[in-house]
Structure formats: C-alpha cells, structure tokens
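Enquirer: Sharing start23.tsv, TSV, C-alpha atoms:
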```tsv
chain	number	residue	atom	x	y	z
W	1	THR	CA	-20.81	-23.13	-25.93
W	2	GLU	CA	-19.68	-20.18	-23.85
W	3	ARG	CA	-17.65	-21.00	-20.77
W	4	PRO	CA	-19.13	-19.05	-17.84
W	5	ARG	CA	-15.76	-18.97	-16.07
W	6	THR	CA	-12.76	-18.59	-18.31
W	7	ALA	CA	-9.24	-19.58	-17.31
W	8	MET	CA	-8.16	-15.94	-17.42
W	9	ALA	CA	-11.13	-14.77	-15.39
W	10	MET	CA	-10.04	-17.24	-12.73
W	11	ALA	CA	-6.35	-16.48	-13.20
W	12	TRP	CA	-5.81	-14.77	-9.88
W	13	ARG	CA	-7.14	-17.78	-8.03
W	14	ALA	CA	-6.67	-20.96	-9.99
W	15	ALA	CA	-4.40	-20.34	-12.97
W	16	PRO	CA	-1.05	-18.82	-11.95
W	17	ARG	CA	0.51	-19.45	-15.34
W	18	ALA	CA	-2.26	-17.53	-17.07
W	19	ALA	CA	-1.88	-14.76	-14.51
W	20	ALA	CA	1.83	-14.66	-15.13
W	21	ARG	CA	1.30	-14.22	-18.86
W	22	LEU	CA	-1.20	-11.45	-18.28
W	23	LEU	CA	0.81	-9.58	-15.67
W	24	LEU	CA	4.17	-9.93	-17.38
W	25	GLY	CA	2.85	-8.42	-20.56
W	26	ARG	CA	3.31	-11.44	-22.79
W	27	ARG	CA	-0.24	-10.93	-23.96
W	28	GLY	CA	-3.18	-8.62	-23.46
W	29	ILE	CA	-1.43	-5.34	-22.56
W	30	ALA	CA	-1.93	-2.61	-25.12
W	31	SER	CA	1.03	-0.29	-25.48
W	32	CYS	CA	-1.04	2.71	-24.36
W	33	ILE	CA	-1.26	1.33	-20.79
W	34	ASP	CA	2.04	-0.57	-20.70
W	35	PRO	CA	3.46	0.23	-17.23
W	36	SER	CA	7.04	-0.10	-18.51
W	37	THR	CA	6.74	2.79	-20.97
W	38	GLY	CA	9.28	5.50	-20.26
W	39	LEU	CA	11.30	3.49	-17.76
W	40	THR	CA	15.05	2.93	-17.80
W	41	GLU	CA	16.40	-0.54	-18.51
W	42	ASP	CA	17.16	-1.03	-14.81
W	43	GLN	CA	13.65	0.00	-13.85
W	44	LYS	CA	12.16	-2.35	-16.43
W	45	GLU	CA	14.24	-5.17	-15.00
W	46	PHE	CA	13.15	-4.84	-11.39
W	47	GLN	CA	9.59	-4.13	-12.53
W	48	LYS	CA	9.68	-7.47	-14.34
W	49	VAL	CA	11.03	-9.16	-11.21
W	50	ALA	CA	8.19	-7.65	-9.16
W	51	LEU	CA	5.53	-8.60	-11.74
W	52	ASP	CA	6.88	-12.13	-11.92
W	53	PHE	CA	6.80	-12.41	-8.13
W	54	ALA	CA	3.27	-11.01	-8.04
W	55	ALA	CA	2.03	-13.47	-10.65
W	56	LYS	CA	3.69	-16.57	-9.24
W	57	GLU	CA	3.89	-15.99	-5.47
W	58	MET	CA	0.93	-13.72	-4.72
W	59	ALA	CA	-1.88	-13.84	-7.31
W	60	PRO	CA	-2.63	-17.59	-6.98
W	61	TYR	CA	-3.08	-17.21	-3.21
W	62	MET	CA	-4.65	-13.80	-2.75
W	63	ALA	CA	-8.23	-15.16	-2.56
W	64	GLU	CA	-7.22	-17.70	0.09
W	65	TRP	CA	-5.35	-15.07	2.12
W	66	ASP	CA	-8.46	-12.89	1.96
W	67	GLU	CA	-10.95	-15.62	2.83
W	68	LYS	CA	-8.92	-17.15	5.67
W	69	GLU	CA	-7.40	-13.83	6.81
W	70	ILE	CA	-3.86	-15.16	6.46
W	71	PHE	CA	-0.90	-12.81	7.06
W	72	PRO	CA	1.51	-14.25	4.44
W	73	VAL	CA	4.73	-13.85	6.38
W	74	GLU	CA	6.81	-16.34	4.42
W	75	THR	CA	5.75	-14.88	1.07
W	76	MET	CA	6.78	-11.42	2.21
W	77	ARG	CA	10.13	-12.79	3.37
W	78	LYS	CA	10.61	-14.16	-0.13
W	79	ALA	CA	9.88	-10.68	-1.44
W	80	ALA	CA	12.45	-9.28	0.98
W	81	GLN	CA	15.07	-11.60	-0.56
W	82	LEU	CA	14.49	-9.66	-3.79
W	83	GLY	CA	15.15	-6.39	-1.95
W	84	PHE	CA	11.53	-5.39	-1.34
W	85	GLY	CA	11.72	-5.17	2.47
W	86	GLY	CA	13.62	-1.87	2.54
W	87	ILE	CA	13.33	-0.51	-0.97
W	88	TYR	CA	14.31	3.10	-0.26
W	89	VAL	CA	16.50	2.35	2.77
W	90	LYS	CA	20.28	2.85	2.59
W	91	PRO	CA	22.29	-0.26	1.60
W	92	ASP	CA	24.65	-0.15	4.61
W	93	VAL	CA	21.83	-1.44	6.85
W	94	GLY	CA	20.38	-3.92	4.34
W	95	GLY	CA	18.22	-1.66	2.19
W	96	SER	CA	18.06	-1.52	-1.60
W	97	GLY	CA	18.84	2.19	-1.82
W	98	LEU	CA	16.37	2.78	-4.66
W	99	SER	CA	14.53	5.99	-5.52
W	100	ARG	CA	10.94	6.95	-4.79
W	101	LEU	CA	10.06	6.41	-8.44
W	102	ASP	CA	11.66	2.96	-8.35
W	103	THR	CA	9.61	2.23	-5.24
W	104	SER	CA	6.38	3.32	-6.92
W	105	ILE	CA	7.09	1.06	-9.89
W	106	ILE	CA	7.71	-1.92	-7.59
W	107	PHE	CA	4.60	-1.42	-5.43
W	108	GLU	CA	2.41	-0.97	-8.51
W	109	ALA	CA	3.74	-4.25	-9.90
W	110	LEU	CA	3.38	-6.20	-6.65
W	111	SER	CA	-0.15	-4.88	-6.11
W	112	THR	CA	-1.34	-6.63	-9.27
W	113	GLY	CA	-0.80	-9.89	-7.38
W	114	CYS	CA	-2.32	-8.93	-4.01
W	115	THR	CA	-3.15	-5.33	-3.18
W	116	SER	CA	-3.75	-5.96	0.53
W	117	THR	CA	-0.39	-7.64	1.11
W	118	THR	CA	1.48	-5.05	-0.95
W	119	ALA	CA	-0.19	-2.22	0.97
W	120	TYR	CA	1.10	-3.69	4.24
W	121	MET	CA	4.57	-4.00	2.70
W	122	SER	CA	4.41	-0.32	1.77
W	123	ILE	CA	3.66	0.60	5.41
W	124	HIS	CA	6.50	-1.63	6.59
W	125	ASN	CA	8.86	0.08	4.15
W	126	MET	CA	7.77	3.49	5.43
W	127	CYS	CA	8.57	2.48	9.01
W	128	VAL	CA	12.03	1.20	8.11
W	129	TRP	CA	12.73	4.40	6.17
W	130	MET	CA	11.80	6.48	9.23
W	131	ILE	CA	14.28	4.58	11.40
W	132	ASP	CA	16.94	4.74	8.69
W	133	THR	CA	16.45	8.47	8.10
W	134	PHE	CA	15.85	9.84	11.59
W	135	GLY	CA	17.53	7.24	13.77
W	136	ASN	CA	21.11	7.45	15.03
W	137	GLU	CA	23.71	4.92	13.93
W	138	GLU	CA	23.03	2.59	16.85
W	139	GLN	CA	19.29	2.59	16.12
W	140	ARG	CA	19.78	2.10	12.40
W	141	ARG	CA	22.02	-0.92	12.93
W	142	ARG	CA	19.84	-2.37	15.69
W	143	PHE	CA	16.53	-2.24	13.82
W	144	CYS	CA	16.99	-1.88	10.06
W	145	PRO	CA	18.78	-5.11	9.00
W	146	SER	CA	16.16	-7.46	10.47
W	147	LEU	CA	13.36	-5.26	9.11
W	148	CYS	CA	14.84	-5.07	5.60
W	149	SER	CA	15.09	-8.89	5.54
W	150	MET	CA	11.57	-9.06	6.98
W	151	GLU	CA	12.85	-11.35	9.69
W	152	LYS	CA	10.89	-8.79	11.71
W	153	PHE	CA	7.91	-6.69	10.65
W	154	ALA	CA	6.96	-3.12	11.52
W	155	SER	CA	3.76	-1.17	12.16
W	156	TYR	CA	3.11	2.57	12.04
W	157	CYS	CA	1.16	3.97	15.00
W	158	LEU	CA	-0.28	7.46	14.49
W	159	THR	CA	-4.10	7.24	14.39
W	160	GLU	CA	-6.01	7.17	17.69
W	161	PRO	CA	-9.67	6.51	18.52
W	162	GLY	CA	-10.22	10.26	18.90
W	163	SER	CA	-7.72	11.64	16.37
W	164	GLY	CA	-7.75	10.54	12.76
W	165	SER	CA	-7.43	13.38	10.28
W	166	ASP	CA	-6.51	15.75	13.12
W	167	ALA	CA	-3.31	13.86	13.94
W	168	ALA	CA	-1.79	16.81	15.82
W	169	SER	CA	-4.42	16.37	18.55
W	170	LEU	CA	-3.23	12.89	19.53
W	171	LEU	CA	-3.39	12.12	23.26
W	172	THR	CA	-1.08	9.11	23.79
W	173	SER	CA	1.38	10.46	26.35
W	174	ALA	CA	5.01	9.63	27.15
W	175	GLN	CA	6.29	11.01	30.44
W	176	ARG	CA	10.02	11.00	30.86
W	177	LYS	CA	11.37	9.39	34.02
W	178	GLY	CA	15.16	9.34	34.02
W	179	ASP	CA	16.39	7.36	31.05
W	180	THR	CA	12.93	5.99	30.18
W	181	TYR	CA	9.52	7.15	28.97
W	182	VAL	CA	6.30	5.83	30.51
W	183	LEU	CA	3.77	5.52	27.71
W	184	ASN	CA	-0.02	5.57	28.18
W	185	GLY	CA	-2.81	5.66	25.60
W	186	SER	CA	-3.91	3.70	22.55
W	187	LYS	CA	-3.70	3.67	18.78
W	188	ALA	CA	-6.45	2.55	16.39
W	189	PHE	CA	-6.58	0.80	13.00
W	190	ILE	CA	-2.94	-0.33	13.15
W	191	SER	CA	-1.95	-2.51	10.18
W	192	GLY	CA	-0.09	-5.57	11.39
W	193	GLY	CA	-0.93	-4.76	15.00
W	194	GLY	CA	-0.31	-7.72	17.28
W	195	ASP	CA	1.47	-9.78	14.62
W	196	THR	CA	4.39	-7.43	13.99
W	197	ASP	CA	7.55	-6.94	16.00
W	198	VAL	CA	8.37	-3.21	15.85
W	199	TYR	CA	6.02	-0.26	16.42
W	200	VAL	CA	6.89	3.28	15.34
W	201	VAL	CA	4.72	5.30	17.73
W	202	MET	CA	3.85	9.00	17.70
W	203	CYS	CA	3.19	10.23	21.25
W	204	ARG	CA	2.92	13.44	23.24
W	205	THR	CA	6.01	14.35	25.28
W	206	GLY	CA	5.22	18.08	25.44
W	207	GLY	CA	2.35	20.53	25.23
W	208	PRO	CA	-0.63	20.62	22.85
W	209	GLY	CA	-0.23	20.73	19.10
W	210	PRO	CA	2.34	19.29	16.70
W	211	LYS	CA	5.42	20.62	18.51
W	212	GLY	CA	4.66	18.47	21.55
W	213	ILE	CA	4.84	15.17	19.64
W	214	SER	CA	7.81	12.79	19.66
W	215	CYS	CA	8.50	9.45	17.99
W	216	LEU	CA	9.37	6.26	19.89
W	217	VAL	CA	10.22	2.80	18.57
W	218	LEU	CA	8.67	0.00	20.61
W	219	GLU	CA	9.33	-3.71	20.43
W	220	LYS	CA	6.76	-6.45	20.92
W	221	GLY	CA	7.02	-7.97	24.38
W	222	MET	CA	7.71	-4.71	26.21
W	223	PRO	CA	5.76	-4.70	29.51
W	224	GLY	CA	2.62	-2.63	29.21
W	225	LEU	CA	2.24	-3.12	25.45
W	226	SER	CA	-0.91	-5.01	24.45
W	227	PHE	CA	-3.36	-5.28	21.57
W	228	GLY	CA	-7.10	-5.15	20.96
W	229	LYS	CA	-9.22	-7.66	19.10
W	230	LYS	CA	-8.54	-8.36	15.45
W	231	GLU	CA	-10.85	-6.12	13.42
W	232	LYS	CA	-13.23	-7.55	10.82
W	233	LYS	CA	-12.77	-5.52	7.63
W	234	VAL	CA	-14.35	-5.19	4.19
W	235	GLY	CA	-10.96	-5.70	2.53
W	236	TRP	CA	-7.26	-5.73	3.43
W	237	ASN	CA	-7.87	-9.12	5.02
W	238	SER	CA	-4.37	-10.50	4.40
W	239	GLN	CA	-3.08	-8.09	7.04
W	240	PRO	CA	-4.37	-8.01	10.63
W	241	THR	CA	-5.64	-4.74	12.07
W	242	ARG	CA	-5.83	-4.14	15.81
W	243	ALA	CA	-5.72	-1.41	18.40
W	244	VAL	CA	-2.32	-0.99	20.05
W	245	ILE	CA	-2.60	-0.23	23.77
W	246	PHE	CA	-0.02	1.27	26.15
W	247	GLU	CA	-0.51	0.90	29.90
W	248	ASP	CA	2.46	2.28	31.83
W	249	CYS	CA	4.65	0.93	29.04
W	250	VAL	CA	8.30	1.65	29.82
W	251	VAL	CA	10.38	2.60	26.78
W	252	PRO	CA	14.11	3.49	26.91
W	253	VAL	CA	14.99	7.05	25.87
W	254	GLY	CA	17.43	5.38	23.48
W	255	ASN	CA	14.39	4.24	21.45
W	256	ARG	CA	13.37	7.81	20.57
W	257	LEU	CA	13.85	8.79	16.93
W	258	GLY	CA	15.23	12.30	16.57
W	259	ALA	CA	14.77	14.99	19.19
W	260	GLU	CA	11.81	15.56	21.47
W	261	GLY	CA	9.15	17.47	19.56
W	262	GLN	CA	10.31	16.22	16.17
W	263	GLY	CA	7.74	13.43	15.95
W	264	PHE	CA	5.06	15.26	13.98
W	265	SER	CA	7.59	16.33	11.35
W	266	ILE	CA	8.82	12.73	11.09
W	267	ALA	CA	5.22	11.51	10.74
W	268	MET	CA	4.37	13.98	7.99
W	269	GLN	CA	7.56	13.31	6.03
W	270	GLY	CA	6.82	9.60	6.25
W	271	LEU	CA	3.27	10.16	5.05
W	272	ASN	CA	4.40	12.04	1.94
W	273	GLY	CA	6.08	8.85	0.81
W	274	GLY	CA	3.25	6.74	2.19
W	275	ARG	CA	0.80	8.61	-0.03
W	276	ILE	CA	2.88	7.80	-3.10
W	277	ASN	CA	3.14	4.19	-1.97
W	278	ILE	CA	-0.59	3.68	-1.44
W	279	ALA	CA	-1.39	5.47	-4.70
W	280	SER	CA	1.00	3.06	-6.41
W	281	CYS	CA	-0.83	0.10	-4.87
W	282	SER	CA	-4.03	1.57	-6.30
W	283	LEU	CA	-2.45	1.71	-9.75
W	284	GLY	CA	-1.62	-1.99	-9.59
W	285	ALA	CA	-5.16	-2.94	-8.61
W	286	ALA	CA	-6.60	-0.77	-11.39
W	287	HIS	CA	-4.19	-2.13	-13.98
W	288	ALA	CA	-5.09	-5.71	-13.11
W	289	SER	CA	-8.80	-4.83	-13.21
W	290	VAL	CA	-8.51	-3.28	-16.68
W	291	LEU	CA	-6.88	-6.48	-17.94
W	292	LEU	CA	-9.55	-8.62	-16.31
W	293	ALA	CA	-12.29	-6.47	-17.88
W	294	GLN	CA	-10.57	-6.59	-21.27
W	295	GLU	CA	-10.39	-10.38	-21.11
W	296	HIS	CA	-14.00	-10.73	-19.94
W	297	LEU	CA	-15.36	-8.51	-22.72
W	298	THR	CA	-13.67	-10.61	-25.38
W	299	VAL	CA	-14.99	-13.92	-24.00
W	300	ARG	CA	-18.43	-13.19	-22.58
W	301	LYS	CA	-21.31	-13.20	-25.09
W	302	GLN	CA	-24.69	-11.55	-24.81
W	303	PHE	CA	-27.36	-11.22	-27.51
W	304	GLY	CA	-25.31	-13.50	-29.75
W	305	GLU	CA	-22.04	-11.58	-29.83
W	306	PRO	CA	-19.07	-10.77	-27.57
W	307	LEU	CA	-19.48	-7.88	-25.17
W	308	ALA	CA	-16.38	-6.39	-26.79
W	309	ASN	CA	-18.55	-5.50	-29.80
W	310	ASN	CA	-20.74	-3.24	-27.69
W	311	GLN	CA	-19.72	0.36	-28.36
W	312	TYR	CA	-20.86	1.61	-24.94
W	313	LEU	CA	-18.56	-0.91	-23.23
W	314	GLN	CA	-15.76	-0.03	-25.64
W	315	PHE	CA	-16.09	3.61	-24.59
W	316	ARG	CA	-16.07	2.72	-20.89
W	317	LEU	CA	-12.97	0.54	-21.33
W	318	ALA	CA	-11.26	3.41	-23.16
W	319	GLU	CA	-12.13	5.76	-20.29
W	320	MET	CA	-10.75	3.28	-17.75
W	321	ALA	CA	-7.46	3.01	-19.64
W	322	THR	CA	-7.20	6.80	-19.98
W	323	ARG	CA	-7.82	7.39	-16.27
W	324	LEU	CA	-5.28	4.68	-15.38
W	325	LEU	CA	-2.58	6.29	-17.48
W	326	ALA	CA	-3.34	9.78	-16.15
W	327	ALA	CA	-3.14	8.52	-12.56
W	328	ARG	CA	0.12	6.67	-13.22
W	329	LEU	CA	1.75	9.75	-14.74
W	330	MET	CA	0.65	11.90	-11.81
W	331	VAL	CA	1.97	9.42	-9.24
W	332	ARG	CA	5.32	9.06	-10.98
W	333	ASN	CA	5.65	12.84	-11.28
W	334	ALA	CA	5.04	13.22	-7.54
W	335	ALA	CA	7.53	10.44	-6.78
W	336	ARG	CA	10.22	12.30	-8.72
W	337	ALA	CA	9.40	15.53	-6.88
W	338	LEU	CA	9.70	13.78	-3.52
W	339	GLN	CA	13.01	12.17	-4.48
W	340	GLU	CA	14.36	15.56	-5.55
W	341	ALA	CA	13.07	17.19	-2.32
W	342	ARG	CA	11.30	19.84	-4.37
W	343	GLU	CA	9.38	22.58	-2.59
W	344	ASP	CA	6.12	21.42	-4.15
W	345	ALA	CA	6.67	17.74	-3.30
W	346	ALA	CA	4.20	17.53	-0.40
W	347	VAL	CA	1.29	19.03	-2.34
W	348	LEU	CA	2.09	16.94	-5.43
W	349	CYS	CA	2.04	13.81	-3.26
W	350	SER	CA	-1.36	14.87	-1.92
W	351	MET	CA	-2.68	15.54	-5.43
W	352	ALA	CA	-1.39	12.19	-6.67
W	353	LYS	CA	-2.87	10.30	-3.73
W	354	LEU	CA	-6.23	12.06	-4.16
W	355	PHE	CA	-6.46	11.55	-7.90
W	356	ALA	CA	-5.03	8.03	-8.12
W	357	THR	CA	-7.01	6.48	-5.28
W	358	ASP	CA	-10.29	8.04	-6.45
W	359	GLU	CA	-9.78	7.19	-10.10
W	360	CYS	CA	-8.41	3.71	-9.52
W	361	PHE	CA	-11.32	2.78	-7.27
W	362	GLY	CA	-13.63	3.93	-10.04
W	363	ILE	CA	-11.73	1.80	-12.55
W	364	CYS	CA	-11.94	-1.32	-10.38
W	365	ASN	CA	-15.62	-0.72	-9.68
W	366	GLN	CA	-16.36	-0.28	-13.40
W	367	ALA	CA	-14.46	-3.50	-14.14
W	368	LEU	CA	-16.70	-5.30	-11.65
W	369	GLN	CA	-19.77	-3.83	-13.36
W	370	MET	CA	-18.53	-5.09	-16.72
W	371	HIS	CA	-18.38	-8.60	-15.27
W	372	GLY	CA	-22.08	-8.43	-14.42
W	373	GLY	CA	-23.18	-10.99	-11.86
W	374	TYR	CA	-19.89	-12.85	-12.13
W	375	GLY	CA	-18.07	-9.79	-10.82
W	376	TYR	CA	-19.94	-10.11	-7.53
W	377	LEU	CA	-18.75	-13.67	-6.98
W	378	LYS	CA	-15.67	-14.28	-4.86
W	379	ASP	CA	-14.44	-16.71	-7.51
W	380	TYR	CA	-13.60	-13.63	-9.59
W	381	ALA	CA	-10.68	-11.49	-8.51
W	382	VAL	CA	-12.18	-8.18	-9.58
W	383	GLN	CA	-14.40	-7.97	-6.49
W	384	GLN	CA	-11.38	-8.37	-4.22
W	385	PHE	CA	-9.56	-5.54	-5.94
W	386	VAL	CA	-12.64	-3.37	-5.33
W	387	ARG	CA	-12.77	-4.31	-1.64
W	388	ASP	CA	-9.03	-3.96	-1.07
W	389	ILE	CA	-8.66	-0.62	-2.84
W	390	ARG	CA	-11.60	1.15	-1.19
W	391	VAL	CA	-9.72	1.99	2.01
W	392	HIS	CA	-6.98	3.76	0.05
W	393	GLN	CA	-9.29	6.79	-0.16
W	394	ILE	CA	-9.27	6.92	3.66
W	395	LEU	CA	-5.81	6.01	4.97
W	396	GLU	CA	-2.53	7.94	4.73
W	397	GLY	CA	-4.72	11.03	5.06
W	398	THR	CA	-8.30	10.97	3.82
W	399	ASN	CA	-8.94	12.34	0.37
W	400	GLU	CA	-10.87	15.17	1.98
W	401	VAL	CA	-7.66	16.15	3.80
W	402	MET	CA	-5.77	15.87	0.51
W	403	ARG	CA	-8.17	18.44	-0.95
W	404	MET	CA	-7.52	20.72	2.02
W	405	ILE	CA	-3.75	20.50	1.51
W	406	VAL	CA	-4.02	21.31	-2.20
W	407	ALA	CA	-6.47	24.18	-1.64
W	408	ARG	CA	-4.31	25.67	1.11
W	409	ASN	CA	-1.29	25.58	-1.17
W	410	LEU	CA	-3.19	27.30	-3.96
W	411	LEU	CA	-4.70	30.01	-1.77
W	412	GLN	CA	-1.44	30.79	0.01
W	413	GLY	CA	0.54	30.87	-3.23
```
Starting from the coordinates I provided, produce the structure as structure tokens.

Expert:
Amino acid sequence: TERPRTAMAMAWRAAPRAAARLLLGRRGIASCIDPSTGLTEDQKEFQKVALDFAAKEMAPYMAEWDEKEIFPVETMRKAAQLGFGGIYVKPDVGGSGLSRLDTSIIFEALSTGCTSTTAYMSIHNMCVWMIDTFGNEEQRRRFCPSLCSMEKFASYCLTEPGSGSDAASLLTSAQRKGDTYVLNGSKAFISGGGDTDVYVVMCRTGGPGPKGISCLVLEKGMPGLSFGKKEKKVGWNSQPTRAVIFEDCVVPVGNRLGAEGQGFSIAMQGLNGGRINIASCSLGAAHASVLLAQEHLTVRKQFGEPLANNQYLQFRLAEMATRLLAARLMVRNAARALQEAREDAAVLCSMAKLFATDECFGICNQALQMHGGYGYLKDYAVQQFVRDIRVHQILEGTNEVMRMIVARNLLQG
C-alpha cells in the first residue's frame, strides 16, 4: 500500500535525520547537481558544516518558525559560533574573513534548511560588512564584534514608502546640528525591524539625487526611533518586517559611515554583494526542492506505477536540474568577479541575481506541481520554499531593475 506521506517528504518537518542524509549528500544527490563539485577541500569542509547545521538545526523547525512567525535568535547565534555571523568581515573584529564565493557556498547550504532565516542572515552579514568596510577603527570595534557573534542583530534601511527601485529619490532627512544629526522620515519593508539592535540607515544630508545621501548607524533605544506594525507576509515569516520611523531622532555624527554624500555608493556596493547572497539563498531552496521532487517521483504511484516512470515528468526533472546548475555556475562566477573587484562585477551580480531568482522560483514551483495536491499542503516543505523564495525576485533590486542594469551596460559598451 502506498504511503501518502513518506518520511522523506516530511523530512523538513518531522524527520531531521532523513533531512540530514538528503542534504549532506549521503543519498539522493546525482553528481550532475552536486553542489560541492569544483570546490576546494576547505570549501567542501565548511559547506559540509553549513549543510549539517541546516539539516539538524534549521530544517526540522522551519515549518514551526513559519507558522508561528518565530524569529529564531538562538539558532542564529549557534550559526554565528560556526563563523556565519560575519562571513566576509575581517577577522580582527570577529569576522571569518572568507571570500564572496565562500559566502555564496555557505548561504546556499544554509538555505536548504530554512530559506527565510538564511535570507535574514545574509542581510545581517551585509550590514556588518558595510560597517567593517566603510567604518573607522572606533566604529568597527564598537559594532562589529557583537554583530559577528550575533549577540546583536542588524537591519538594512534603504527602501521608503515612496522610493523602492528609485532609491536615489529617498526623502528621509538628517539635518546636522553641531555634533549630531536630527533624523526624520521612515523606511519600509525592513527585515528584522523592531527586533534587531543596529540599523544601517541611508538618509539625505544634502541636495537631491545620489550625491546628497549619507549613511548613519542607529542603535535601538535611541530617542525618536520607533517601529510600525509587524507586516503579514506570504513568506519570509521567520523574520519580522516592519516600518522603521524617525521622529526628531538624534544621532551622533560619530555614527556616520564614511563621508557625507558617500551613502549611496555604500548602499550600492553593499547591494552588489546582497544580490549574490540572495541568489545563493535561491539556489539552496531550489536544490532542496529538486531533491524533494526526486524523492516524491520515486515513491508516489499513479496508474499503477511510480511517477518516476512517466517520461514527461522525467523531462521536467531534467530541466529543473539543468536550470539549477546553470544558475549556480552564474552565481559563483559573479561572486568571483566581485571578490576580484573586476570592472564587470556589478553587472554580473545583476545578471546572476536576475537569472538565479527567476529560475530557482520556477524550479520550486515545478517541484510543487510534481507533488500534486500534497504540494499545496503545509505538511510538505516544498510549498514553503515556493513562498519564501518568491520575494527574492523583488528585493535587493527588482528583477526589472536588474534587466535595466544589464541593458545599460550592453548599450553603453
């Protein structure tokens, strides 16, 4: 008699040992989509650490975090003990000092366990990198150690109610008064907002356009800093999202990163890495979904035989695997370009983010379709990967903006 819900199909909720086997590659991963192919021995080692953590500390709980909207602070602090709180931050302030490619490998692995939580961790890492890279020594040593250990958590504040894709038109203002700035305005859709401790805020200190934007680091508890209601979202439910509001919020000048007017450049440089990070999270969700689909096709029977015998479904599974590998190669290529500070790095990051998030959403959605009615049940992890990955086509620059960046590069070349 066919079991309607197999142990592996329930792995991400009720069978952590089965999930561990699947995610760690002890079974079920064909060599053509093996995420460790082409990696150095060191990279394979920390990839294995990340996959093991994802399987044992994240996958068994991701459905509960989603359903109850739990921000898994203690789990993330455990991840930070493995070096995942400041992956590409310099070691002298508590970071791991790894490369952008190393970072991509880690986020892809962690995302197989819980895409929503890993995506927040990627934003946190971006914030710490900004402070590490553009902050002075006092700022680096004041903020980075507690952020790398995830004793404290960070949020990135760029988007506003009236400025999403057109970030250079932001209106949040910071007027300098002596050795302080007085900040007024609001930010929208801020991951971690209200629950995090440090806010990297882009604000207007000068005239219109990108050259009038500066970057300030705020700390929770500053007078005049408040938060909107917790948003109800389709996915990404293991991380809270709120508006961040500034009402005559007084911020010391010593909390400014870089010079006045440098904020937009800091934001864009951060987003280049952020695009690689979120594309990597998409890869992890797609990889897990391919494995779930592969398992389901071998177990589920229709018309007297396993679905795996159906040639149409075989072809679709082959297409999913091919698109996954193509996306992974593109993301890793862009990560190398960013690490090497190549001239084409920004456009390659945009291309990778565009391609990977579009293709990986398609992969997850096709995996759900292969599950039939079961795929639409919250007992099955594939639907959560679909919900969590959908927003990746919107944030860190919409995929429409990614197309604009690529086209502009081609037409100006």

Enquirer: Taking 6 positions as the minimum chain separation for residues in the same chain, which residues sit within 7 Å of stretch 221-236 of chain W when counting all atoms listed in the file? Answer as a PyMOL selection string.

Expert: chain W and resi 116+194+242-250+387-388

Enquirer: Pick the closest to W:Leu101 from W:Ala80, W:Ala334, W:Ala167, W:Ile405: which is it, counting only C-alpha atoms?

Expert: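 Of the candidates, the smallest distance to W:Leu101 is held by W:Ala334.
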
Enquirer: Have a look at W:Ser282, W:Ser149, W:Gln339, W:Ser186 and name the one nearest to W:Pro91; count only C-alpha atoms.

Expert: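 Closest to W:Pro91 of all the choices is W:Ser149.
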
Enquirer: Which one is closest to W:Thr241: W:Phe71, W:Gly164, W:His124, W:Glu137? Count all atoms listed in the file.

Expert: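 Under the stated criterion, the closest residue is W:Phe71.
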
Enquirer: Just the number, please: distance in Å from atom CA of W:Cys281 to atom CA of W:Ala293, one decimal.

Expert: 18.5 Å
